[in-house]
>>> print(open('entry-v9.csv').read())   # CSV, C-alpha atoms
chain,number,residue,atom,x,y,z
A,1,MET,CA,113.3,87.9,200.8
A,2,ALA,CA,116.9,88.8,201.7
A,3,ALA,CA,118.3,87.3,198.4
A,4,TYR,CA,116.4,89.8,196.3
A,5,PRO,CA,118.3,93.0,197.5
A,6,ARG,CA,121.7,91.1,197.1
A,7,THR,CA,120.9,90.1,193.6
A,8,ARG,CA,119.7,93.6,192.6
A,9,ASN,CA,122.8,95.2,194.2
A,10,ALA,CA,125.1,92.8,192.4
A,11,ALA,CA,123.5,93.6,189.1
A,12,LEU,CA,123.8,97.4,189.8
A,13,VAL,CA,127.4,97.1,190.7
A,14,GLY,CA,128.2,95.1,187.5
A,15,ALA,CA,126.4,97.7,185.4
A,16,VAL,CA,128.4,100.6,187.0
A,17,CYS,CA,131.7,98.7,186.5
A,18,THR,CA,130.9,98.0,182.9
A,19,ALA,CA,130.1,101.7,182.2
A,20,LEU,CA,133.2,102.8,183.9
A,21,ALA,CA,135.3,100.4,181.9
A,22,VAL,CA,133.9,101.6,178.6
A,23,GLY,CA,134.4,105.2,179.6
A,24,LEU,CA,138.0,104.6,180.6
A,25,VAL,CA,138.7,102.8,177.3
A,26,GLY,CA,137.1,105.6,175.4
A,27,CYS,CA,139.1,108.3,177.2
A,28,GLY,CA,142.4,106.4,176.8
A,29,ALA,CA,142.0,105.6,173.1
A,30,GLU,CA,143.3,108.1,170.5
A,31,GLU,CA,140.9,109.2,167.8
A,32,ASP,CA,142.0,108.0,164.3
A,33,PRO,CA,142.6,111.2,162.2
A,34,ASP,CA,142.0,109.3,159.0
A,35,ALA,CA,138.6,107.9,160.0
A,36,GLY,CA,136.1,108.7,157.4
A,37,THR,CA,138.6,110.1,155.0
A,38,ASN,CA,139.9,109.0,151.5
A,39,GLY,CA,143.0,107.7,153.2
A,40,VAL,CA,145.6,109.9,151.5
A,41,GLY,CA,146.6,111.3,154.9
A,42,LYS,CA,148.4,108.0,155.6
A,43,LEU,CA,150.5,108.2,152.4
A,44,SER,CA,154.0,109.7,151.9
A,45,PRO,CA,154.2,113.3,150.6
A,46,ARG,CA,155.3,112.0,147.2
A,47,LYS,CA,152.3,109.7,146.9
A,48,ILE,CA,149.9,112.4,148.1
A,49,GLU,CA,151.3,114.7,145.4
A,50,SER,CA,150.9,111.9,142.8
A,51,ARG,CA,147.2,111.3,143.8
A,52,ALA,CA,146.5,115.0,143.7
A,53,LEU,CA,148.0,115.4,140.3
A,54,LYS,CA,146.1,112.4,139.0
A,55,ALA,CA,142.9,114.0,140.3
A,56,VAL,CA,143.7,117.2,138.5
A,57,GLU,CA,144.4,115.4,135.2
A,58,GLY,CA,141.0,113.7,135.4
A,59,ALA,CA,139.0,116.9,136.1
A,60,GLY,CA,137.1,118.7,133.4
A,61,ALA,CA,136.6,122.0,135.2
A,62,VAL,CA,137.7,124.1,138.2
A,63,ARG,CA,137.3,127.5,139.8
A,64,LEU,CA,140.5,129.4,140.8
A,65,SER,CA,140.4,132.5,143.0
A,66,GLY,CA,143.2,134.4,144.7
A,67,SER,CA,146.4,136.1,143.6
A,68,VAL,CA,149.3,135.2,141.3
A,69,VAL,CA,152.6,137.2,141.2
A,70,THR,CA,154.5,136.9,137.9
A,71,ARG,CA,157.3,139.1,136.5
A,72,GLY,CA,156.9,141.5,139.4
A,73,ARG,CA,153.2,142.1,138.8
A,74,THR,CA,150.4,140.9,141.0
A,75,TYR,CA,147.2,139.6,139.4
A,76,THR,CA,144.0,138.9,141.4
A,77,LEU,CA,141.8,136.5,139.6
A,78,ASP,CA,138.5,134.7,140.0
A,79,MET,CA,138.2,132.3,137.0
A,80,ARG,CA,136.1,129.3,136.1
A,81,LEU,CA,138.0,127.1,133.7
A,82,LYS,CA,137.1,124.2,131.4
A,83,GLN,CA,139.2,121.7,129.5
A,84,GLY,CA,138.6,120.4,126.0
A,85,LYS,CA,138.4,121.6,122.4
A,86,GLU,CA,135.4,123.8,123.3
A,87,GLY,CA,136.9,124.7,126.6
A,88,GLY,CA,138.2,128.0,127.9
A,89,GLY,CA,137.3,130.2,130.8
A,90,ILE,CA,135.3,133.1,132.2
A,91,GLY,CA,135.9,135.4,135.1
A,92,GLN,CA,137.6,138.6,136.3
A,93,LEU,CA,141.3,139.6,136.4
A,94,SER,CA,142.6,142.7,138.3
A,95,THR,CA,146.1,144.3,138.2
A,96,LYS,CA,147.4,147.7,139.1
A,97,GLY,CA,144.0,148.8,140.3
A,98,LYS,CA,142.3,147.9,137.1
A,99,THR,CA,139.7,145.2,136.7
A,100,PHE,CA,138.4,143.6,133.5
A,101,GLU,CA,136.5,140.5,132.5
A,102,MET,CA,137.9,137.7,130.4
A,103,LEU,CA,136.0,135.2,128.3
A,104,ARG,CA,137.6,132.6,126.1
A,105,VAL,CA,135.5,130.1,124.1
A,106,GLY,CA,137.7,127.8,122.1
A,107,ASP,CA,140.3,130.0,120.4
A,108,ASP,CA,138.3,133.2,120.7
A,109,LEU,CA,139.3,135.6,123.5
A,110,TYR,CA,137.2,138.5,124.6
A,111,LEU,CA,137.9,141.3,127.1
A,112,LYS,CA,135.3,143.4,128.8
A,113,ALA,CA,135.9,146.6,130.8
A,114,ASP,CA,134.6,150.1,131.4
A,115,ALA,CA,135.7,153.2,129.5
A,116,ASP,CA,138.2,154.2,132.2
A,117,PHE,CA,140.0,151.0,131.8
A,118,TRP,CA,140.4,151.4,128.0
A,119,ALA,CA,141.3,155.0,128.3
A,120,SER,CA,144.2,154.1,130.7
A,121,GLN,CA,145.7,151.7,128.2
A,122,GLY,CA,147.2,154.3,125.9
A,123,GLY,CA,149.5,155.7,128.6
A,124,GLY,CA,150.3,159.4,129.1
A,125,LYS,CA,147.8,162.2,128.6
A,126,GLN,CA,144.6,161.1,126.9
A,127,SER,CA,143.3,163.1,123.9
A,128,LYS,CA,139.6,163.8,123.2
A,129,SER,CA,139.7,161.2,120.4
A,130,ASP,CA,141.1,158.6,122.9
A,131,ALA,CA,138.3,159.3,125.3
A,132,GLU,CA,135.7,159.0,122.6
A,133,ALA,CA,137.2,155.7,121.4
A,134,ALA,CA,137.3,154.4,124.9
A,135,SER,CA,133.7,155.3,125.5
A,136,LYS,CA,132.7,153.1,122.5
A,137,LEU,CA,134.3,150.1,124.2
A,138,ASP,CA,132.5,150.7,127.5
A,139,ASP,CA,130.9,147.4,128.6
A,140,LYS,CA,131.5,145.8,125.3
A,141,TYR,CA,133.3,142.5,124.6
A,142,VAL,CA,136.5,143.3,122.7
A,143,LYS,CA,137.7,140.4,120.6
A,144,VAL,CA,141.5,140.0,120.7
A,145,PRO,CA,143.2,138.6,117.6
A,146,THR,CA,145.3,135.5,118.2
A,147,GLY,CA,148.4,137.3,116.8
A,148,ASP,CA,148.2,140.2,119.3
A,149,PRO,CA,150.8,140.0,122.1
A,150,ALA,CA,147.9,140.6,124.6
A,151,TYR,CA,146.3,137.3,123.4
A,152,LYS,CA,149.3,135.2,124.4
A,153,GLN,CA,149.7,137.1,127.7
A,154,LEU,CA,146.1,136.9,128.8
A,155,SER,CA,144.8,133.7,127.3
A,156,GLY,CA,147.0,131.7,129.7
A,157,PHE,CA,144.7,132.8,132.5
A,158,THR,CA,141.8,131.0,130.8
A,159,ASP,CA,143.7,127.8,129.9
A,160,MET,CA,143.1,125.2,132.6
A,161,ASP,CA,145.9,122.9,131.6
A,162,LEU,CA,148.5,125.6,131.2
A,163,LEU,CA,147.6,127.5,134.4
A,164,LEU,CA,147.6,124.4,136.6
A,165,ASP,CA,150.8,123.0,135.1
A,166,GLY,CA,152.5,126.3,135.9
A,167,LEU,CA,151.1,126.7,139.4
A,168,PHE,CA,151.3,123.2,140.8
A,169,ASP,CA,155.1,123.2,141.3
A,170,LEU,CA,156.5,122.4,144.7
A,171,ARG,CA,160.3,123.0,145.0
A,172,GLY,CA,162.7,121.2,147.3
A,173,GLY,CA,162.2,118.1,149.3
A,174,LEU,CA,158.6,117.2,149.9
A,175,GLY,CA,157.2,117.0,153.4
A,176,THR,CA,153.9,116.5,155.2
A,177,GLY,CA,152.5,119.5,157.0
A,178,GLU,CA,149.5,120.1,159.2
A,179,ARG,CA,145.9,118.9,158.7
A,180,GLY,CA,143.3,121.6,158.4
A,181,ARG,CA,140.2,122.7,156.5
A,182,VAL,CA,139.6,124.6,153.3
A,183,GLY,CA,136.0,125.7,152.7
A,184,GLY,CA,134.9,123.3,155.5
A,185,VAL,CA,136.6,120.3,153.8
A,186,ARG,CA,139.3,118.4,155.8
A,187,THR,CA,142.8,118.6,154.2
A,188,ILE,CA,146.3,117.4,154.5
A,189,ARG,CA,149.2,119.8,153.6
A,190,ILE,CA,152.2,118.8,151.6
A,191,THR,CA,155.1,121.3,151.4
A,192,GLY,CA,158.2,121.8,149.3
A,193,GLY,CA,161.4,122.8,151.1
A,194,ASP,CA,159.7,122.9,154.5
A,195,GLY,CA,157.3,125.5,153.1
A,196,SER,CA,159.7,127.8,151.4
A,197,GLY,CA,159.1,125.9,148.1
A,198,GLY,CA,155.3,126.2,148.3
A,199,ALA,CA,152.5,124.2,149.8
A,200,VAL,CA,149.4,122.5,148.7
A,201,ASP,CA,146.4,121.5,150.8
A,202,VAL,CA,144.9,118.3,149.5
A,203,SER,CA,141.3,117.2,150.2
A,204,LEU,CA,140.9,114.3,152.6
A,205,GLU,CA,137.3,113.9,151.6
A,206,GLY,CA,136.3,112.2,148.3
A,207,THR,CA,138.6,112.7,145.4
A,208,PRO,CA,142.0,114.1,146.6
A,209,TYR,CA,141.8,117.4,144.7
A,210,PRO,CA,144.2,120.3,145.7
A,211,LEU,CA,142.1,122.9,147.4
A,212,ARG,CA,144.6,125.6,148.4
A,213,LEU,CA,147.9,126.5,146.9
A,214,GLU,CA,150.7,128.7,148.2
A,215,ARG,CA,153.2,129.3,145.5
A,216,ALA,CA,156.9,129.3,146.2
A,217,GLY,CA,158.7,132.6,146.8
A,218,ASP,CA,155.5,134.4,147.9
A,219,ALA,CA,154.3,134.2,144.3
A,220,GLY,CA,150.6,134.1,145.3
A,221,ILE,CA,147.9,132.1,147.1
A,222,LEU,CA,145.0,130.4,145.3
A,223,GLU,CA,142.0,128.5,146.3
A,224,LEU,CA,140.7,125.8,143.9
A,225,ALA,CA,137.0,124.8,144.1
A,226,ASP,CA,134.1,123.4,142.1
A,227,TRP,CA,136.2,120.6,140.8
A,228,ASN,CA,134.6,118.8,137.8
A,229,GLU,CA,131.5,121.0,138.0
A,230,ASP,CA,130.5,121.7,134.5
A,231,PHE,CA,129.3,125.2,133.4
A,232,THR,CA,128.3,126.9,130.2
A,233,LEU,CA,130.7,128.8,128.0
A,234,LYS,CA,129.0,130.9,125.3
A,235,ALA,CA,130.3,133.6,123.0
A,236,PRO,CA,128.7,137.0,123.4
A,237,SER,CA,126.0,138.1,121.0
A,238,LYS,CA,127.3,139.9,117.9
A,239,ASP,CA,125.8,143.2,118.9
A,240,HIS,CA,128.0,143.2,122.1
A,241,ILE,CA,131.3,142.4,120.3
A,242,ILE,CA,133.8,144.9,118.9
A,243,ASP,CA,136.5,143.3,116.8
A,244,TYR,CA,139.8,144.5,118.0
A,245,GLY,CA,141.6,143.9,114.7
A,246,ARG,CA,139.2,145.9,112.6
A,247,GLN,CA,137.6,148.6,114.6
A,248,ILE,CA,140.4,149.8,117.0
A,249,THR,CA,143.3,151.6,115.6
A,250,ALA,CA,146.9,150.7,116.6
A,251,GLY,CA,147.2,154.0,118.4
A,252,SER,CA,144.1,153.4,120.5
>>> encode(input="entry-v9.csv", output="structure tokens")
Amino acid sequence: MAAYPRTRNAALVGAVCTALAVGLVGCGAEEDPDAGTNGVGKLSPRKIESRALKAVEGAGAVRLSGSVVTRGRTYTLDMRLKQGKEGGGIGQLSTKGKTFEMLRVGDDLYLKADADFWASQGGGKQSKSDAEAASKLDDKYVKVPTGDPAYKQLSGFTDMDLLLDGLFDLRGGLGTGERGRVGGVRTIRITGGDGSGGAVDVSLEGTPYPLRLERAGDAGILELADWNEDFTLKAPSKDHIIDYGRQITAGS
């Protein structure tokens, strides 16, 4: 009868020792920061940038939101963009306290804003005829001709290729920054010039898309989401369109 307690105690001691050993190993081991990721966090900054650019080139759509500073003017935007011949973009753009909607389908660019926005475009004191003309544009889609200077200036905000080519520009030597999260997604940061040349947070989950961009020289911060998620681009109905070239005078 005496052998039974000794056998039981030996088994109990062995189990306790095993549990302690496992616990100590678990406490001493470092967690792998790349576990469950796409692996780009292990790469050099140059290779991370290359993977991110390749992901951008292969994407058919994206959503950009945030701010862009160009030629001393700050633009706040929230745009959905699509590549291709029938591509374009849709969303809102704000500058100098004024907000308007933009829609481009193929080569056709439309602007939509309230009467106050259009009334402010003439500059200086507004006449009664100016106010009346602006009221006719209220909540209508104004089609901008391709030869108008405004077309060249604004259509770039609806061009996915052009916009991303101009924004994804890290200056100076590339380095690897901190790991973090953008929209709940784990990211790795690459920087240009230790951060002064801009920074890009690249996804560590799935395709290594850029998810956040800090432009060099405090030229704006953008978040990039909904990569490769298709959406519908459709021209407005004819009764909601005013043709800029035919129905708005040069003075207006």
>>> closest_atom_pairs(input="entry-v9.csv", of="range 44-93 of chain A", to="range 229-234 of chain A", cutoff="10 Å", atoms="only C-alpha atoms", output="CSV")
residue,atom,partner,partner_atom,distance
A:Ala59,CA,A:Glu229,CA,8.8
A:Gly60,CA,A:Asp230,CA,7.3
A:Ala61,CA,A:Glu229,CA,5.9
A:Val62,CA,A:Glu229,CA,6.9
A:Arg63,CA,A:Glu229,CA,8.9
A:Arg80,CA,A:Phe231,CA,8.4
A:Leu81,CA,A:Phe231,CA,8.9
A:Lys82,CA,A:Asp230,CA,7.7
A:Glu86,CA,A:Leu233,CA,8.3
A:Gly87,CA,A:Leu233,CA,7.6
A:Gly88,CA,A:Leu233,CA,7.5
A:Gly89,CA,A:Leu233,CA,7.3
A:Ile90,CA,A:Leu233,CA,7.6
>>> residues_around(input="entry-v9.csv", residues="Thr74 in chain A", least_positions_apart="6", cutoff="10 Å", atoms="only C-alpha atoms", output="PyMOL selection string")
chain A and resi 67-68+94-96+219-220
>>> closest_residue(input="entry-v9.csv", among="A:Leu162, A:Leu53, A:Leu222, A:Leu167", to="Leu77 in chain A", atoms="only C-alpha atoms")
A:Leu222
>>> residues_around(input="entry-v9.csv", residues="Phe168 in chain A", least_positions_apart="2", cutoff="12 Å", atoms="all atoms listed in the file", output="VMD selection string")
chain A and resid 49 to 50 52 to 53 56 to 57 160 to 166 170 to 171 190 to 192 197 to 202 209 to 216 219 to 222 224
>>> atom_distance(input="entry-v9.csv", atom1="CA of Arg186 in chain A", atom2="CA of Gln83 in chain A")
26.5 Å
>>> residues_around(input="entry-v9.csv", residues="range 108-114 of chain A", least_positions_apart="4", cutoff="7 Å", atoms="all atoms listed in the file", output="PDB file with C-alpha atoms, in the frame of the given file")
ATOM      1  CA  PHE A 100     138.400 143.600 133.500  1.00  0.00           C
ATOM      2  CA  GLU A 101     136.500 140.500 132.500  1.00  0.00           C
ATOM      3  CA  MET A 102     137.900 137.700 130.400  1.00  0.00           C
ATOM      4  CA  LEU A 103     136.000 135.200 128.300  1.00  0.00           C
ATOM      5  CA  ARG A 104     137.600 132.600 126.100  1.00  0.00           C
ATOM      6  CA  TRP A 118     140.400 151.400 128.000  1.00  0.00           C
ATOM      7  CA  ASP A 138     132.500 150.700 127.500  1.00  0.00           C
ATOM      8  CA  ASP A 139     130.900 147.400 128.600  1.00  0.00           C
ATOM      9  CA  LYS A 140     131.500 145.800 125.300  1.00  0.00           C
ATOM     10  CA  TYR A 141     133.300 142.500 124.600  1.00  0.00           C
ATOM     11  CA  VAL A 142     136.500 143.300 122.700  1.00  0.00           C
ATOM     12  CA  LYS A 143     137.700 140.400 120.600  1.00  0.00           C
ATOM     13  CA  VAL A 144     141.500 140.000 120.700  1.00  0.00           C
ATOM     14  CA  SER A 155     144.800 133.700 127.300  1.00  0.00           C
TER      15      SER A 155
END
>>> closest_residue(input="entry-v9.csv", among="A:Ile48, A:Leu93, A:Leu43, A:Ala133", to="Leu154 in chain A", atoms="all atoms listed in the file")
A:Leu93
>>> residues_near_point(input="entry-v9.csv", point="(146.6, 117.2, 161.7)", cutoff="12 Å", atoms="only C-alpha atoms", output="ChimeraX atom specification")
/A:31-34,41-42,176-181,186-190,201,204
>>> closest_residue(input="entry-v9.csv", among="A:Pro145, A:Val105, A:Thr99, A:Leu64", to="Pro236 in chain A", atoms="all atoms listed in the file")
A:Val105
>>> atom_distance(input="entry-v9.csv", atom1="CA of Asp159 in chain A", atom2="CA of Ile241 in chain A")
21.4 Å
